[in-house]
Amino acid sequence: MSRVKLRLRGQEDDVERLLETLRSDEAVRLDEKVPEPQSGGYVVVHAVASTDEK
């Protein structure tokens with residue numbers, strides 16, 4: 001099993017697009033926290049992506 005902690009920071013649309021890509025992969029399990037709004041239209045998302053593949 002592989003497990004990676006992610007901290008994504010960027011424009012809200014860009015972060016959401018990347019998260020959607022991860023969610024669409026059936027091999028990846030994604031556990032996300034609620035986005036934390038930042039100034040200037042940015043968000044920070046903490047997540048853990050994991051897979052059962054070795």
# chains A, B, ... in the order shown; residues from 1 in each chain; ligands from 1
$ select_by_dssp --residues "chain A" --states "strand (DSSP E)" --output "list in words"
Ser2, Arg3, Val4, Lys5, Leu6, Arg7, Leu8, Arg9, Gly10, Gln11, Arg29, Leu30, Asp31, Glu32, Glu36, Pro37, Tyr42, Val43, Val44, Val45, His46, Ala47, Val48, Ala49, Ser50 and Thr51 of chain A
$ residues_around --residues "range 3-12 of chain A" --least-positions-apart "6" --cutoff "7 Å" --atoms "only C-alpha atoms" --output "list in words"
Gly41, Tyr42, Val43, Val44, Val45, His46, Ala47, Val48, Ala49, Ser50 and Thr51 of chain A
$ atom_distance --atom1 "CA of Val28 in chain A" --atom2 "CA of Glu53 in chain A"
9.1 Å
$ atom_distance --atom1 "CA of Val34 in chain A" --atom2 "CA of Thr21 in chain A"
17.4 Å
$ atom_distance --atom1 "CA of Asp25 in chain A" --atom2 "CA of Pro37 in chain A"
25.9 Å
$ residues_around --residues "Asp52 in chain A" --least-positions-apart "5" --cutoff "12 Å" --atoms "only C-alpha atoms" --output "list in words"
Met1, Ser2, Arg3, Glu26, Ala27, Val28 and Arg29 of chain A
$ decode --residues "range 6-48 of chain A" --atoms "N, CA and C atoms" --output "CSV table (one decimal), in the first residue's frame"
chain,number,residue,atom,x,y,z
A,6,LEU,N,-0.8,15.1,1.1
A,6,LEU,CA,-0.8,16.2,0.2
A,6,LEU,C,-1.2,17.5,0.9
A,7,ARG,N,-0.5,18.6,0.5
A,7,ARG,CA,-0.9,19.9,0.9
A,7,ARG,C,-1.0,20.7,-0.4
A,8,LEU,N,-2.2,21.0,-0.9
A,8,LEU,CA,-2.4,21.7,-2.2
A,8,LEU,C,-2.7,23.1,-1.9
A,9,ARG,N,-2.0,24.0,-2.6
A,9,ARG,CA,-2.3,25.5,-2.4
A,9,ARG,C,-2.3,26.0,-3.8
A,10,GLY,N,-3.4,26.7,-4.1
A,10,GLY,CA,-3.5,27.4,-5.4
A,10,GLY,C,-4.9,28.0,-5.6
A,11,GLN,N,-5.1,28.5,-6.8
A,11,GLN,CA,-6.4,29.0,-7.2
A,11,GLN,C,-7.4,27.9,-7.0
A,12,GLU,N,-8.6,28.3,-6.5
A,12,GLU,CA,-9.6,27.3,-6.1
A,12,GLU,C,-9.9,26.4,-7.3
A,13,ASP,N,-10.1,26.9,-8.5
A,13,ASP,CA,-10.5,26.1,-9.6
A,13,ASP,C,-9.4,25.1,-10.0
A,14,ASP,N,-8.1,25.6,-9.9
A,14,ASP,CA,-7.0,24.7,-10.2
A,14,ASP,C,-6.9,23.5,-9.2
A,15,VAL,N,-7.0,23.9,-8.0
A,15,VAL,CA,-7.0,22.8,-6.9
A,15,VAL,C,-8.1,21.8,-7.1
A,16,GLU,N,-9.3,22.3,-7.4
A,16,GLU,CA,-10.4,21.4,-7.6
A,16,GLU,C,-10.3,20.5,-8.8
A,17,ARG,N,-9.7,21.1,-9.9
A,17,ARG,CA,-9.4,20.3,-11.1
A,17,ARG,C,-8.5,19.1,-10.8
A,18,LEU,N,-7.4,19.4,-10.0
A,18,LEU,CA,-6.5,18.4,-9.6
A,18,LEU,C,-7.1,17.3,-8.7
A,19,LEU,N,-7.9,17.8,-7.8
A,19,LEU,CA,-8.6,16.8,-6.9
A,19,LEU,C,-9.6,15.9,-7.7
A,20,GLU,N,-10.3,16.5,-8.7
A,20,GLU,CA,-11.2,15.7,-9.5
A,20,GLU,C,-10.4,14.6,-10.3
A,21,THR,N,-9.2,15.0,-10.8
A,21,THR,CA,-8.4,14.0,-11.5
A,21,THR,C,-8.1,12.8,-10.5
A,22,LEU,N,-7.7,13.1,-9.3
A,22,LEU,CA,-7.3,12.1,-8.4
A,22,LEU,C,-8.6,11.3,-8.0
A,23,ARG,N,-9.7,11.9,-7.8
A,23,ARG,CA,-11.0,11.2,-7.5
A,23,ARG,C,-11.4,10.3,-8.6
A,24,SER,N,-11.1,10.6,-9.8
A,24,SER,CA,-11.6,9.8,-11.0
A,24,SER,C,-10.8,8.5,-11.1
A,25,ASP,N,-9.6,8.4,-10.5
A,25,ASP,CA,-8.8,7.2,-10.6
A,25,ASP,C,-9.3,6.2,-9.6
A,26,GLU,N,-9.9,5.1,-10.1
A,26,GLU,CA,-10.4,4.1,-9.2
A,26,GLU,C,-9.4,3.4,-8.3
A,27,ALA,N,-8.1,3.5,-8.6
A,27,ALA,CA,-7.1,2.9,-7.8
A,27,ALA,C,-6.7,3.7,-6.7
A,28,VAL,N,-7.1,5.0,-6.7
A,28,VAL,CA,-6.7,6.0,-5.6
A,28,VAL,C,-7.8,6.2,-4.7
A,29,ARG,N,-7.5,6.1,-3.4
A,29,ARG,CA,-8.5,6.5,-2.4
A,29,ARG,C,-8.0,7.9,-1.9
A,30,LEU,N,-8.9,8.9,-1.8
A,30,LEU,CA,-8.6,10.2,-1.5
A,30,LEU,C,-9.4,10.7,-0.3
A,31,ASP,N,-8.7,11.0,0.8
A,31,ASP,CA,-9.3,11.5,2.0
A,31,ASP,C,-8.9,13.0,2.2
A,32,GLU,N,-9.9,13.9,2.0
A,32,GLU,CA,-9.6,15.3,2.0
A,32,GLU,C,-10.2,16.0,3.2
A,33,LYS,N,-9.6,17.1,3.6
A,33,LYS,CA,-10.2,18.0,4.6
A,33,LYS,C,-10.9,19.1,3.8
A,34,VAL,N,-11.7,19.9,4.5
A,34,VAL,CA,-12.4,21.0,3.9
A,34,VAL,C,-11.4,22.0,3.5
A,35,PRO,N,-11.6,22.6,2.3
A,35,PRO,CA,-10.6,23.6,1.8
A,35,PRO,C,-10.6,24.8,2.8
A,36,GLU,N,-9.4,25.3,3.0
A,36,GLU,CA,-9.2,26.5,3.8
A,36,GLU,C,-9.0,27.7,2.9
A,37,PRO,N,-10.0,28.6,2.8
A,37,PRO,CA,-9.9,29.8,2.0
A,37,PRO,C,-8.7,30.7,2.4
A,38,GLN,N,-8.0,31.2,1.4
A,38,GLN,CA,-6.9,32.1,1.6
A,38,GLN,C,-7.2,33.4,0.9
A,39,SER,N,-6.4,34.4,1.1
A,39,SER,CA,-6.6,35.7,0.4
A,39,SER,C,-6.2,35.5,-1.1
A,40,GLY,N,-6.8,36.4,-1.9
A,40,GLY,CA,-6.5,36.3,-3.3
A,40,GLY,C,-7.2,35.2,-4.1
A,41,GLY,N,-8.2,34.6,-3.6
A,41,GLY,CA,-8.8,33.5,-4.3
A,41,GLY,C,-8.1,32.1,-4.2
A,42,TYR,N,-7.2,32.0,-3.3
A,42,TYR,CA,-6.4,30.8,-3.1
A,42,TYR,C,-7.1,29.9,-2.1
A,43,VAL,N,-6.9,28.7,-2.1
A,43,VAL,CA,-7.3,27.7,-1.1
A,43,VAL,C,-6.2,26.8,-0.7
A,44,VAL,N,-6.2,26.2,0.4
A,44,VAL,CA,-5.3,25.2,0.9
A,44,VAL,C,-6.1,24.0,1.2
A,45,VAL,N,-5.7,22.8,0.7
A,45,VAL,CA,-6.4,21.6,0.9
A,45,VAL,C,-5.4,20.6,1.4
A,46,HIS,N,-5.7,20.0,2.6
A,46,HIS,CA,-4.8,18.9,3.1
A,46,HIS,C,-5.6,17.6,2.7
A,47,ALA,N,-4.8,16.6,2.2
A,47,ALA,CA,-5.5,15.3,1.8
A,47,ALA,C,-4.4,14.2,2.0
A,48,VAL,N,-5.0,13.0,2.0
A,48,VAL,CA,-4.1,11.8,2.0
A,48,VAL,C,-4.6,11.0,0.8
